[in-house]
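*Asks:* This is my_file34.txt (compact mmCIF, C-alpha atoms and all ligand atoms).
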# COMPACT_ATOMS: atom_id res chain seq x y z
CA MET D 1 -1.47 -59.04 -44.10
CA GLY D 2 -3.65 -57.21 -41.50
CA ASN D 3 -6.19 -56.27 -44.17
CA ASP D 4 -6.46 -59.90 -45.43
CA LYS D 5 -7.12 -61.02 -41.86
CA ASN D 6 -9.88 -58.43 -41.34
CA VAL D 7 -11.54 -59.39 -44.65
CA GLY D 8 -11.49 -63.08 -43.58
CA VAL D 9 -13.04 -62.29 -40.19
CA LYS D 10 -15.75 -60.09 -41.75
CA LYS D 11 -16.54 -62.74 -44.34
CA GLU D 12 -16.84 -65.37 -41.62
CA LYS D 13 -19.19 -63.14 -39.55
CA GLY D 14 -21.38 -62.52 -42.63
CA ILE D 15 -21.64 -66.26 -43.34
CA ARG D 16 -22.51 -66.89 -39.71
CA LYS D 17 -25.28 -64.21 -39.73
CA LEU D 18 -26.68 -65.59 -42.97
CA THR D 19 -26.66 -69.14 -41.60
CA ASP D 20 -28.49 -67.90 -38.46
CA ARG D 21 -31.13 -66.10 -40.51
CA ILE D 22 -31.71 -69.09 -42.82
CA SER D 23 -32.07 -71.36 -39.78
CA PHE D 24 -34.45 -68.90 -38.14
CA TRP D 25 -36.68 -68.53 -41.20
CA LYS D 26 -36.72 -72.26 -41.84
CA ALA D 27 -37.80 -72.84 -38.24
CA LYS D 28 -40.37 -70.06 -38.46
CA SER D 29 -41.91 -71.29 -41.72
CA GLN D 30 -42.14 -74.84 -40.27
CA ALA D 31 -43.87 -73.51 -37.19
CA ASP D 32 -46.32 -71.50 -39.31
CA GLU D 33 -47.10 -74.60 -41.38
CA GLU D 34 -47.80 -76.67 -38.27
CA GLU D 35 -50.04 -73.94 -36.90
CA ARG D 36 -52.04 -73.73 -40.14
CA HIS D 37 -52.86 -77.44 -40.01
CA SER D 38 -53.75 -77.53 -36.27
CA PRO D 39 -57.28 -76.29 -35.01
CA LYS D 40 -57.14 -72.61 -34.55
CA PRO D 41 -57.79 -71.38 -31.04
CA LYS D 42 -59.07 -67.95 -30.67
CA PRO D 43 -56.25 -65.71 -31.40
CA LYS D 44 -54.83 -64.00 -28.47
CA LEU D 45 -52.77 -61.10 -29.47
CA LYS D 46 -50.65 -61.36 -26.43
CA LYS D 47 -49.70 -64.98 -27.13
CA ILE D 48 -48.77 -64.24 -30.72
CA LYS D 49 -46.62 -61.50 -29.45
CA ASP D 50 -44.95 -63.95 -27.11
CA LYS D 51 -44.37 -66.32 -30.00
CA THR D 52 -42.70 -63.62 -32.07
CA LYS D 53 -40.53 -62.80 -29.13
CA GLN D 54 -39.36 -66.44 -28.92
CA PRO D 55 -38.65 -67.65 -32.46
CA LYS D 56 -36.53 -70.54 -31.29
CA ASN D 57 -37.52 -74.04 -32.21
CA LYS D 58 -36.05 -77.47 -31.86
CA LYS D 59 -34.12 -77.57 -35.12
CA PHE D 60 -32.49 -74.27 -34.32
CA GLN D 61 -31.51 -75.59 -30.94
CA VAL D 62 -29.84 -78.60 -32.65
CA ILE D 63 -27.90 -76.55 -35.27
CA GLU D 64 -26.69 -73.86 -32.91
CA PRO D 65 -24.42 -76.03 -30.72
CA GLN D 66 -23.03 -77.66 -33.86
CA ARG D 67 -22.27 -74.27 -35.34
CA LYS D 68 -20.66 -73.15 -32.11
CA ALA D 69 -18.63 -76.35 -32.03
CA ASN D 70 -17.52 -75.70 -35.60
CA GLU D 71 -16.58 -72.17 -34.71
CA ALA D 72 -14.66 -73.34 -31.67
CA LYS D 73 -12.89 -75.85 -33.90
CA LYS D 74 -12.06 -73.21 -36.43
CA LYS D 75 -10.90 -70.86 -33.68
CA GLU D 76 -8.71 -73.60 -32.27
CA ALA D 77 -7.30 -74.24 -35.74
CA ARG D 78 -6.69 -70.52 -36.13
CA ILE D 79 -4.96 -70.35 -32.75
CA LYS D 80 -2.82 -73.30 -33.78
CA VAL D 81 -1.92 -71.76 -37.15
CA GLU D 82 -1.31 -68.27 -35.73
CA PRO D 83 2.17 -68.89 -34.21
CA GLN D 84 3.26 -70.57 -37.44
CA ARG D 85 1.98 -67.63 -39.45
CA LYS D 86 3.67 -65.19 -37.07
CA ALA D 87 6.92 -67.17 -37.25
CA LYS D 88 6.72 -67.16 -41.05
CA GLU D 89 6.05 -63.42 -41.08
CA ALA D 90 8.93 -62.85 -38.64
CA LYS D 91 11.18 -64.96 -40.87
CA ILE D 92 10.16 -63.01 -43.98
CA GLU D 93 10.66 -59.74 -42.09
CA ALA D 94 14.08 -60.88 -40.87
CA GLN D 95 15.02 -61.90 -44.44
CA ARG D 96 13.82 -58.54 -45.76
CA LYS D 97 15.78 -56.68 -43.08
CA ALA D 98 18.88 -58.77 -43.79
CA LYS D 99 18.52 -58.06 -47.52
CA GLU D 100 18.09 -54.35 -46.83
CA ALA D 101 21.11 -54.37 -44.50
CA LYS D 102 23.13 -56.16 -47.20
CA ILE D 103 22.10 -53.59 -49.82
CA VAL D 104 22.93 -50.73 -47.43
CA ALA D 105 26.32 -52.29 -46.65
CA GLN D 106 27.01 -52.79 -50.37
CA ARG D 107 26.04 -49.18 -51.07
CA LYS D 108 28.26 -47.96 -48.24
CA ALA D 109 31.18 -50.08 -49.46
CA LYS D 110 30.69 -48.82 -53.02
CA LYS D 111 30.51 -45.22 -51.82
CA ALA D 112 33.62 -45.70 -49.67
CA LYS D 113 35.43 -47.22 -52.65
CA ILE D 114 34.46 -44.27 -54.90
CA VAL D 115 35.54 -41.79 -52.21
CA ALA D 116 38.85 -43.61 -51.75
CA GLN D 117 39.43 -43.68 -55.52
CA ARG D 118 38.58 -39.99 -55.79
CA LYS D 119 40.91 -39.14 -52.91
CA ALA D 120 43.71 -41.22 -54.43
CA LYS D 121 43.17 -39.49 -57.77
CA GLU D 122 43.21 -36.06 -56.11
CA ALA D 123 46.36 -36.97 -54.15
CA LYS D 124 48.01 -38.12 -57.38
CA LYS D 125 47.04 -34.89 -59.13
CA LYS D 126 48.31 -32.84 -56.19
CA GLU D 127 51.58 -34.74 -56.23
CA ALA D 128 51.94 -34.17 -59.98
CA ARG D 129 51.18 -30.46 -59.51
CA ILE D 130 53.80 -30.20 -56.74
CA LYS D 131 56.31 -31.99 -58.95
CA VAL D 132 55.60 -29.72 -61.91
CA GLU D 133 55.76 -26.65 -59.69
CA ALA D 134 59.11 -27.78 -58.24
CA GLN D 135 60.43 -28.41 -61.75
CA ARG D 136 59.21 -25.00 -62.90
CA LYS D 137 60.84 -23.29 -59.90
CA ALA D 138 64.08 -25.19 -60.43
CA LYS D 139 64.01 -24.24 -64.11
CA GLU D 140 63.36 -20.59 -63.28
CA GLU D 141 66.12 -20.63 -60.66
CA ALA D 142 68.58 -22.17 -63.13
CA LYS D 143 67.57 -19.63 -65.78
CA LYS D 144 68.00 -16.79 -63.31
CA LYS D 145 71.43 -18.05 -62.30
CA GLU D 146 72.41 -18.48 -65.93
CA GLU D 147 71.26 -14.95 -66.72
CA GLU D 148 73.17 -13.56 -63.73
CA ALA D 149 76.30 -15.44 -64.76
CA LYS D 150 75.88 -14.18 -68.32
CA LYS D 151 75.42 -10.65 -67.03
CA LYS D 152 78.54 -10.93 -64.90
CA GLU D 153 80.44 -12.34 -67.82
CA GLU D 154 79.21 -9.55 -70.06
CA GLU D 155 80.18 -6.97 -67.44
CA ALA D 156 83.63 -8.52 -67.18
CA LYS D 157 83.91 -8.47 -70.96
CA ARG D 158 82.96 -4.82 -71.11
CA THR D 159 85.62 -2.71 -72.80
CA TYR D 160 86.33 0.95 -73.38
CA GLU D 161 84.97 0.55 -76.95
CA ASP D 162 81.68 -0.80 -75.62
CA GLU D 163 81.29 2.29 -73.45
CA LEU D 164 82.20 4.50 -76.41
CA GLU D 165 79.59 2.79 -78.58
CA GLU D 166 76.98 3.53 -75.94
CA GLN D 167 78.03 7.12 -75.50
CA LEU D 168 78.43 8.11 -79.17
CA SER D 169 75.74 8.44 -81.80
CA GLU D 170 76.08 6.78 -85.22
CA GLU D 171 76.82 10.19 -86.81
CA GLU D 172 79.57 10.80 -84.28
CA ILE D 173 81.12 7.40 -85.04
CA THR D 174 80.98 7.57 -88.85
CA GLY D 175 81.91 11.29 -88.91
CA PHE D 176 84.99 10.87 -86.69
CA GLN D 177 87.85 13.18 -87.74
CA LEU D 178 91.43 13.47 -86.44
CA GLU D 179 92.73 16.98 -86.30
CA LYS D 180 94.91 18.05 -89.27
CA THR D 181 94.58 14.59 -90.81
CA ASP D 182 93.29 13.43 -94.23
CA MET D 183 90.87 10.80 -92.94
CA ASP D 184 90.59 8.99 -96.33
CA LYS D 185 94.32 8.50 -96.41
CA MET D 186 94.40 7.53 -92.76
CA CYS D 187 91.61 4.97 -93.25
CA ASN D 188 93.37 3.50 -96.32
CA ARG D 189 96.67 3.31 -94.44
CA VAL D 190 95.12 1.59 -91.42
CA CYS D 191 93.25 -0.87 -93.67
CA GLU D 192 96.42 -1.68 -95.62
CA MET D 193 98.25 -2.32 -92.33
CA ILE D 194 95.44 -4.58 -91.06
CA ALA D 195 95.30 -6.33 -94.45
CA GLY D 196 98.99 -7.20 -93.96
CA TYR D 197 97.91 -9.54 -91.13
CA GLU D 198 95.42 -11.18 -93.51
CA ASN D 199 92.73 -13.30 -91.82
CA GLU D 200 94.67 -13.52 -88.55
CA GLY D 201 94.13 -9.81 -87.83
CA THR D 202 96.03 -7.76 -85.27
CA LEU D 203 95.48 -6.37 -81.77
CA GLN D 204 94.21 -2.81 -81.95
CA SER D 205 96.53 -1.66 -79.14
CA GLU D 206 99.60 -2.69 -81.20
CA LEU D 207 98.26 -0.87 -84.24
CA TRP D 208 97.63 2.34 -82.31
CA LYS D 209 101.18 2.20 -80.98
CA LYS D 210 102.59 2.00 -84.53
CA LEU D 211 100.37 4.89 -85.65
CA LYS D 212 101.08 6.81 -82.44
CA LEU D 213 97.40 7.22 -81.74
CA SER D 214 95.81 7.43 -78.31
CA SER D 215 93.50 4.59 -77.19
CA ARG D 216 90.52 6.92 -77.44
CA ASP D 217 91.30 8.01 -81.05
CA GLY D 218 92.31 4.50 -82.10
CA SER D 219 89.09 3.03 -80.69
CA ARG D 220 86.97 5.64 -82.44
CA LEU D 221 88.86 5.01 -85.70
CA ALA D 222 88.26 1.25 -85.37
CA LEU D 223 84.55 1.87 -84.82
CA LYS D 224 84.45 4.15 -87.89
CA LEU D 225 86.20 1.53 -90.09
CA GLU D 226 83.82 -1.15 -88.85
CA ARG D 227 80.78 1.00 -89.71
CA MET D 228 82.29 1.63 -93.16
CA GLY D 229 82.42 -2.14 -93.63
CA MET D 230 86.22 -2.19 -94.05
CA ILE D 231 87.11 -4.26 -90.97
CA THR D 232 85.56 -6.57 -88.40
CA ARG D 233 86.30 -6.45 -84.68
CA GLU D 234 86.69 -9.62 -82.65
CA LYS D 235 86.54 -9.46 -78.85
CA ILE D 236 89.34 -11.47 -77.23
CA LEU D 237 90.86 -11.94 -73.75
CA GLU D 238 94.47 -10.79 -73.83
CA LYS D 239 96.58 -10.80 -70.65
CA GLN D 240 93.47 -10.99 -68.44
CA ARG D 241 91.93 -8.02 -70.25
CA TRP D 242 89.22 -7.96 -72.85
CA THR D 243 90.22 -6.13 -76.02
CA TYR D 244 89.60 -6.23 -79.79
CA LYS D 245 91.41 -7.85 -82.65
CA LEU D 246 90.95 -6.07 -85.99
CA ILE D 247 90.58 -8.18 -89.15
CA ILE D 248 90.41 -6.82 -92.70
CA LYS D 249 87.11 -7.24 -94.50
CA LYS D 250 87.55 -5.18 -97.68
CA ILE D 251 90.85 -3.83 -99.05
CA PRO D 252 90.37 -0.22 -100.22
CA ILE D 253 91.16 0.66 -103.82
CA SER D 254 93.34 3.70 -104.07
CA THR D 255 92.92 6.08 -107.00
CA LYS D 256 96.62 5.65 -107.70
CA SER D 257 96.23 1.94 -108.24
CA ILE D 258 93.61 2.36 -110.99
CA GLU D 259 95.39 5.18 -112.80
CA GLY D 260 96.91 2.88 -115.42
CA ALA D 261 93.91 0.59 -115.83
CA PRO D 262 93.18 -0.11 -119.55
CA CYS D 263 89.46 0.42 -119.06
CA LEU D 264 90.00 4.20 -118.71
CA THR D 265 91.17 4.44 -122.34
CA CYS D 266 89.42 1.39 -123.77
CA PRO D 267 87.80 1.98 -127.23
CA VAL D 268 85.10 -0.63 -126.60
CA GLN D 269 84.45 0.31 -122.97
CA SER D 270 80.82 1.26 -123.78
CA LYS D 271 80.15 -2.25 -125.11
CA CYS D 272 81.90 -4.02 -122.20
CA SER D 273 79.80 -5.78 -119.53
CA ILE D 274 80.29 -8.71 -117.17
CA ASP D 275 77.92 -11.04 -119.07
CA GLY D 276 78.33 -9.43 -122.54
CA GLU D 277 80.31 -10.50 -125.61
CA ILE D 278 83.03 -8.00 -124.62
CA SER D 279 83.67 -8.67 -120.92
CA PRO D 280 86.40 -8.25 -118.29
CA LYS D 281 86.15 -12.03 -117.89
CA THR D 282 87.70 -12.56 -121.36
CA CYS D 283 89.62 -9.27 -121.74
CA GLN D 284 93.33 -9.73 -122.39
CA TRP D 285 94.15 -6.02 -121.72
CA ILE D 286 92.87 -6.12 -118.13
CA GLU D 287 94.51 -9.47 -117.48
CA ASP D 288 97.91 -8.14 -118.63
CA TRP D 289 97.45 -5.00 -116.47
CA VAL D 290 96.59 -6.97 -113.31
CA LEU D 291 99.65 -9.23 -113.77
CA ILE D 292 101.96 -6.18 -114.15
CA GLU D 293 100.37 -4.54 -111.04
CA LEU D 294 100.88 -7.66 -108.96
CA LYS D 295 104.53 -7.89 -110.06
CA ASN D 296 105.11 -4.24 -109.09
CA LYS D 297 103.70 -4.84 -105.62
S1 LIG T 1 87.71 -4.87 -119.42
FE1 LIG T 1 88.81 -4.80 -121.25
S2 LIG T 1 87.29 -4.50 -122.80
FE2 LIG T 1 86.37 -4.00 -120.91
S3 LIG T 1 86.64 -1.85 -120.71
FE3 LIG T 1 88.32 -2.77 -119.65
S4 LIG T 1 89.84 -2.91 -121.13
FE4 LIG T 1 88.02 -2.51 -122.24
Spell out the structure here as structure tokens.
*Replies:*
Amino acid sequence: MGNDKNVGVKKEKGIRKLTDRISFWKAKSQADEEERHSPKPKPKLKKIKDKTKQPKNKKFQVIEPQRKANEAKKKEARIKVEPQRKAKEAKIEAQRKAKEAKIVAQRKAKKAKIVAQRKAKEAKKKEARIKVEAQRKAKEEAKKKEEEAKKKEEEAKRTYEDELEEQLSEEEITGFQLEKTDMDKMCNRVCEMIAGYENEGTLQSELWKKLKLSSRDGSRLALKLERMGMITREKILEKQRWTYKLIIKKIPISTKSIEGAPCLTCPVQSKCSIDGEISPKTCQWIEDWVLIELKNK
């Protein structure tokens, strides 16, 4: 705005100067013309000099006040317009400032909203983390308690046999021998006794009483029979004490029981097989022998 004003003022000054010069030269040329037509007095250098010093003529004197009046008029008009222009500028400036303030406020509000959203999100995440952590701790605590309870239960369940199993090696268990005793016969006898209780099984302590065996020997014998795959041991709580029930798994075949089997003297024994043409599945001799054996028992 300031630049436009300066340009206007400069332009106006230039026009004014030009107008002055044109007026001056017009007046001068008119004066020269008049002088040419009038009788020439002897030129006096001094007078000419005076003339050049005072170029004013009548016409110039007429135009000048008019020009000044015009200028005064223009100046007055400018003075009149100036407050309006200033008011307009002030209004525009105020509008611009208001717009800027509005934009700044909008930006601030937007920023505050983003910050609030971010904080809410972070708070939510933190809350979720705390929740997860609490759940994890509770889970760990429950697991720990469960493990401790299990351990206590296991300790309470611990029997003399469990300790023996820990103390003895596998060779010591499977190679167990009772002094002055045929262990094959002893094992068969114990298995036959256990088999008498069928799937129900019997308490090992009762069995050792019948066989007059100590708890230590009886327990080692039970472990041996279990390793041989003849019996299974089931841990049970009996009269507030944990002990084992012995159940038969495989009835031993005594050599005596197969002495009269027809297969030992069978003429077609070499051609006999489970899935062959000659097979125990269809053999009448073995069927008759089994029936007789069962009757004898
Ligand atoms: S099953 Fe019968 S056929 Fe086979 S070997 Fe025994 S007796 Fe002989």
*Asks:* Between CA of Ala134 in chain D and CA of Glu122 in chain D, what distance in Å does the model show, to one decimal?
*Replies:* 18.1 Å
*Asks:* Give me, as a PyMOL selection string, the set of residues whose atoms come within 12 Å of any atom of ligand LIG 1 (chain T), counting only C-alpha atoms and all ligand atoms.
*Replies:* chain D and resi 258+260-290
*Asks:* So which residues touch Cys187 in chain D within 12 Å, counting only C-alpha atoms, skipping near sequence neighbours fewer than 3 positions away, as a ChimeraX atom specification?
*Replies:* /D:174,176-178,181-184,190-195,211,218,220-226,228-231,248,250-254
*Asks:* Tell me, in Å to one decimal, how far CA of Thr243 in chain D is from CA of Thr159 in chain D.
*Replies:*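 One can read the CA of Thr243 in chain D to CA of Thr159 in chain D distance as 6.6 Å.
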*Asks:* For a test of reading the model, state the distance in Å between CA of Val81 in chain D and CA of Ala69 in chain D, rounded to one decimal.
*Replies:*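 For CA of Val81 in chain D relative to CA of Ala69 in chain D, the distance reads 18.1 Å.
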*Asks:* Using all atoms listed in the file, which of the listed residues (D:Lys26, D:Lys91, D:Lys126, D:Lys75) sits closest to Phe60 in chain D?
*Replies:* D:Lys26
